Amino acid sequence: MKKIIKIVLPIIMIIILSFALYYLLLPAATIHSVSTAIFILFILVIVLIASVTAEMIRKSSRTEKVINNVKVSVGKSVGGSSISVSSISALAFLIVIIILIGGLISSARIFNAKAYQSLLTVNEGDFLKDVQSISYDMIPALDKDSSAKLGERKMGEMSDLVSQFEVTDMYTQINYKGRPVRVTPLRYGGFFKWLNNKEVGIAAYIMVDMVSQEVTCVRLNEGIKYSPSEFFSRDLKRYIRFKYPDMIFDEPEFEIDENGDPFWIISHVNTSIGLYGGKDIAGAVILNAVTGETAYYKLDEIPTWVDRVYNSERIINQYNDYGSLTHGFWNSIFGQRDVKNTTEGYNYIALNDDVYMYTGVTSVGKDESNIGFILVNQRTKETKFYNISGAEEYSGMASAEGLVQQFGYKATFPLLLNIDNQPTYFMALKDEAGLVKQYAMVNINQYQIGAIGDTIAECEKAYISAISKNGIAGNRNNETEVVKGTIAEIRTTVIEGNSYYFIVLSNSDRVFVISSEKDRSVVMLNPKDNVEITYNPSDSSIIDVIEISKE
């Protein structure tokens, strides 16, 4: 019986330890994961150490006695199951090592340059057609850091939440009901605060409108019960792993649907080159953060309200392979003919109710200019290259900072905009405390041309004036049109301290917008008033008004 216990007990302990490690590390049950191979190696090392240790203990338990002047060993003989287990463990370890090394070699770019270069399909784009000109009252002025500051300030106002919860730093940029917003969930303030609140869950999430800068703490009827700040079975990654044990996943993205309900988007990663290479998205799991209900969607079936399926780093890696491996692996290192890479940094813009990542593209020479830039749909991976040469992003930032060098303000990473049919970098200028003091616009083609303003409206006005004076606003539409009609609806909102009026006429489905700063008489308008509106024609559904008069 003791012999059986000595054999079975170590096995049980190793099984328990292996499960505990699996519970913590959550490797995917697939041969295509490097982390899974490393996990198996770690377990085999533990088994090998345990078996060798057991053998050493047996050796030390042997004693010698002198019988008739002859030394005789007393104790159990060396051998048995421990040698067998250690041998098997060593053999298994060697096999896994061979598989791991073989998989890494079979996935290497040196042998698969063409396959890696083909992971991303890039089409030529028309900037003026694809990126519509945007007005100052629709520019998303907040970057992630500024959104986080506003979110923390809003959280401080929530006296019933601030003692139990904290704001996470996710701030996912999405489109919500046609507007660019950043959303981030709350998290428990610690283990004991989780114990106090786990039955009701996380009570709210933060939403920041990037245009109006309005911050909302969205309270939920039922709390979020599945998130990274949960413990045990409701921990987000653990919950997903146990439901889909053989899938490789990207980091979860927090989003809300058009009803404002919170979800987690977890992209499913597949490999297509060798054993471990050519990672790309095959689909996504959408998890209801409140109920825990999950649904798996193939790539072409993902709902259109989802904005973040492809993470930016994966897209950038694929484009760098596309740009550097055109003429093979060795050319990317030595000859470097036609080699191009993305610039450092990236940002997002909202187009056609989707979120697009953009980044500059530069030649391998690493000079301070771009040969163009790419826009990538983060839901579909549709990628377009725009052959617009000009300043790379950090040169644009330096140009903007040069306009306010006496104050020492620092520019945020640029946002790519179409201002007056000119590709333009837009940046906020912050002081040392991280507070936005001014705004800047810099022309991409001629980055020595730029303008600043205390408000976005002032900045845009000064910028349009600057590019006009330099004779590069050739695409500007100077034609105006006039529409007459009866006001069916008029609404107002405050942006950067200025009141903006959104007007819908009974005979038009477009929205006309004008600020009281531009025309003070607009404050006297009411529904059913007959008006005449002068504006620049545009394909946009929201039209900037040049002049409005009451008939």
# chains A, B, ... in the order shown; residues from 1 in each chain; ligands from 1
call {"tool": "select_by_dssp", "arguments": {"residues": "range 34-191 of chain A", "states": "strand (DSSP E or B)", "output": "VMD selection string"}}
result
chain A and resid 63 to 67 70 to 74 122 to 124 165 to 167 172 to 176 179 to 188
call {"tool": "write_last_selection", "arguments": {"atoms": "C-alpha atoms", "output": "compact mmCIF listing (two decimals), in the first residue's frame"}}
result
# COMPACT_ATOMS: atom_id res chain seq x y z
CA THR A 63 22.51 1.95 4.09
CA GLU A 64 25.46 -0.33 4.48
CA LYS A 65 26.08 -2.92 7.22
CA VAL A 66 29.16 -5.06 7.96
CA ILE A 67 28.36 -8.77 8.04
CA VAL A 70 31.86 -7.73 4.37
CA LYS A 71 29.97 -4.48 3.58
CA VAL A 72 26.41 -5.22 2.50
CA SER A 73 23.93 -2.63 1.08
CA VAL A 74 20.61 -2.64 2.89
CA VAL A 122 -3.35 46.99 -50.66
CA ASN A 123 -5.31 49.05 -53.17
CA GLU A 124 -4.72 52.59 -54.42
CA PHE A 165 -14.38 51.31 -8.66
CA GLU A 166 -11.62 52.79 -10.81
CA VAL A 167 -11.54 53.83 -14.46
CA THR A 172 -11.40 52.27 -27.18
CA GLN A 173 -12.22 54.59 -30.09
CA ILE A 174 -15.42 53.53 -31.84
CA ASN A 175 -18.28 55.05 -33.79
CA TYR A 176 -21.47 55.30 -31.77
CA ARG A 179 -20.15 59.99 -33.80
CA PRO A 180 -16.56 59.21 -32.80
CA VAL A 181 -16.41 58.35 -29.10
CA ARG A 182 -14.05 56.63 -26.69
CA VAL A 183 -15.44 54.08 -24.24
CA THR A 184 -13.83 52.41 -21.27
CA PRO A 185 -15.23 50.19 -18.51
CA LEU A 186 -14.75 50.65 -14.80
CA ARG A 187 -12.89 48.06 -12.76
CA TYR A 188 -13.00 46.91 -9.17
call {"tool": "residues_around", "arguments": {"residues": "Ala29 in chain A", "least_positions_apart": "3", "cutoff": "8 Å", "atoms": "only C-alpha atoms", "output": "PyMOL selection string"}}
result
chain A and resi 36+245-247
call {"tool": "write_last_selection", "arguments": {"atoms": "N, CA and C atoms", "output": "short mmCIF file (atom, residue, chain, number, x, y, z; two decimals), in the first residue's frame"}}
result
data_model
loop_
_atom_site.label_atom_id
_atom_site.label_comp_id
_atom_site.auth_asym_id
_atom_site.auth_seq_id
_atom_site.Cartn_x
_atom_site.Cartn_y
_atom_site.Cartn_z
N THR A 36 1.91 27.56 -25.93
CA THR A 36 1.47 26.23 -25.51
C THR A 36 2.65 25.26 -25.47
N PRO A 245 -11.43 26.35 -25.87
CA PRO A 245 -10.10 25.93 -25.39
C PRO A 245 -9.03 25.83 -26.47
N ASP A 246 -9.41 25.65 -27.74
CA ASP A 246 -8.41 25.41 -28.77
C ASP A 246 -8.13 26.63 -29.65
N MET A 247 -8.69 27.78 -29.32
CA MET A 247 -8.52 28.98 -30.16
C MET A 247 -7.44 29.90 -29.59
#
call {"tool": "residues_around", "arguments": {"residues": "Thr480 in chain A", "least_positions_apart": "2", "cutoff": "8 Å", "atoms": "only C-alpha atoms", "output": "list in words"}}
result
Asn478, Val482, Thr534, Tyr535, Asn536 and Pro537 of chain A
call {"tool": "closest_residue", "arguments": {"among": "A:Cys459, A:Ala284, A:Ile533, A:Ile38", "to": "Ala400 in chain A", "atoms": "only C-alpha atoms"}}
result
A:Cys459
call {"tool": "residues_around", "arguments": {"residues": "range 102-114 of chain A", "least_positions_apart": "6", "cutoff": "8 Å", "atoms": "only C-alpha atoms", "output": "list in words"}}
result
Ile273, Gly274, Leu275, Tyr276, Gly277, Gly278, Leu325, Thr326, Gly328, Phe329 and Trp330 of chain A
call {"tool": "write_last_selection", "arguments": {"atoms": "N, CA and C atoms", "output": "short mmCIF file (atom, residue, chain, number, x, y, z; two decimals), in the first residue's frame"}}
result
data_model
loop_
_atom_site.label_atom_id
_atom_site.label_comp_id
_atom_site.auth_asym_id
_atom_site.auth_seq_id
_atom_site.Cartn_x
_atom_site.Cartn_y
_atom_site.Cartn_z
N ILE A 273 1.16 30.08 -42.16
CA ILE A 273 2.51 29.90 -42.69
C ILE A 273 3.31 29.06 -41.70
N GLY A 274 3.72 27.86 -42.13
CA GLY A 274 4.43 26.98 -41.23
C GLY A 274 3.55 26.60 -40.05
N LEU A 275 4.19 26.37 -38.92
CA LEU A 275 3.43 25.96 -37.73
C LEU A 275 2.95 27.14 -36.92
N TYR A 276 3.74 28.22 -36.89
CA TYR A 276 3.40 29.35 -36.02
C TYR A 276 3.23 30.68 -36.75
N GLY A 277 3.57 30.75 -38.03
CA GLY A 277 3.62 32.04 -38.72
C GLY A 277 2.36 32.39 -39.48
N GLY A 278 2.38 33.60 -40.04
CA GLY A 278 1.24 34.07 -40.84
C GLY A 278 -0.01 34.28 -40.03
N LEU A 325 9.07 42.95 -48.31
CA LEU A 325 9.37 41.64 -48.88
C LEU A 325 8.95 41.52 -50.35
N THR A 326 8.73 42.65 -51.01
CA THR A 326 8.29 42.63 -52.41
C THR A 326 9.27 41.87 -53.29
N GLY A 328 11.68 39.77 -52.11
CA GLY A 328 12.29 38.69 -51.35
C GLY A 328 12.91 39.12 -50.04
N PHE A 329 13.26 38.12 -49.24
CA PHE A 329 13.78 38.37 -47.90
C PHE A 329 15.13 39.07 -47.92
N TRP A 330 16.07 38.58 -48.76
CA TRP A 330 17.42 39.13 -48.72
C TRP A 330 17.45 40.57 -49.21
#
call {"tool": "select_by_dssp", "arguments": {"residues": "range 316-435 of chain A", "states": "alpha helix (DSSP H)", "output": "PyMOL selection string"}}
result
chain A and resi 316-324+329-333+393-403
call {"tool": "atom_distance", "arguments": {"atom1": "CA of Asn526 in chain A", "atom2": "CA of Val494 in chain A"}}
result
17.8 Å
call {"tool": "residues_around", "arguments": {"residues": "range 407-419 of chain A", "least_positions_apart": "3", "cutoff": "7 Å", "atoms": "only C-alpha atoms", "output": "JSON, numbers by chain"}}
result
{"A": [131, 132, 133, 134, 347, 393, 397, 400, 401, 404, 422, 423, 424, 425, 426, 427, 428, 429, 430, 431]}
call {"tool": "decode", "arguments": {"residues": "range 504-547 of chain A", "atoms": "C-alpha atoms", "output": "compact mmCIF listing (two decimals), in the first residue's frame"}}
result
# COMPACT_ATOMS: atom_id res chain seq x y z
CA VAL A 504 -33.42 70.98 -40.65
CA LEU A 505 -35.71 72.44 -43.31
CA SER A 506 -39.06 70.93 -44.18
CA ASN A 507 -38.02 70.60 -47.84
CA SER A 508 -34.54 69.04 -47.24
CA ASP A 509 -33.15 66.03 -45.41
CA ARG A 510 -29.77 67.69 -44.88
CA VAL A 511 -28.65 69.35 -41.66
CA PHE A 512 -27.36 72.93 -41.82
CA VAL A 513 -25.07 74.09 -39.03
CA ILE A 514 -23.94 77.56 -37.99
CA SER A 515 -22.50 79.04 -34.79
CA SER A 516 -23.83 82.07 -32.97
CA GLU A 517 -20.27 83.40 -33.11
CA LYS A 518 -20.60 83.53 -36.89
CA ASP A 519 -24.12 85.01 -36.97
CA ARG A 520 -25.73 86.19 -33.75
CA SER A 521 -29.17 86.46 -35.31
CA VAL A 522 -29.41 82.67 -35.40
CA VAL A 523 -30.35 82.67 -31.70
CA MET A 524 -33.68 84.29 -32.63
CA LEU A 525 -34.73 81.54 -35.06
CA ASN A 526 -37.56 79.16 -34.20
CA PRO A 527 -39.35 76.25 -35.86
CA LYS A 528 -41.78 77.32 -38.63
CA ASP A 529 -39.64 80.38 -39.48
CA ASN A 530 -38.99 80.86 -43.20
CA VAL A 531 -35.28 81.28 -43.92
CA GLU A 532 -32.78 81.63 -46.75
CA ILE A 533 -29.51 79.75 -46.34
CA THR A 534 -26.29 80.28 -48.31
CA TYR A 535 -23.75 77.44 -48.22
CA ASN A 536 -20.92 75.70 -50.08
CA PRO A 537 -22.21 72.59 -51.86
CA SER A 538 -20.97 69.33 -50.31
CA ASP A 539 -21.71 65.60 -50.43
CA SER A 540 -21.89 65.55 -46.65
CA SER A 541 -25.26 65.29 -44.92
CA ILE A 542 -24.17 68.07 -42.53
CA ILE A 543 -23.61 71.40 -44.31
CA ASP A 544 -21.74 74.44 -42.99
CA VAL A 545 -23.76 77.60 -43.42
CA ILE A 546 -22.11 80.72 -44.84
CA GLU A 547 -25.06 83.00 -44.20
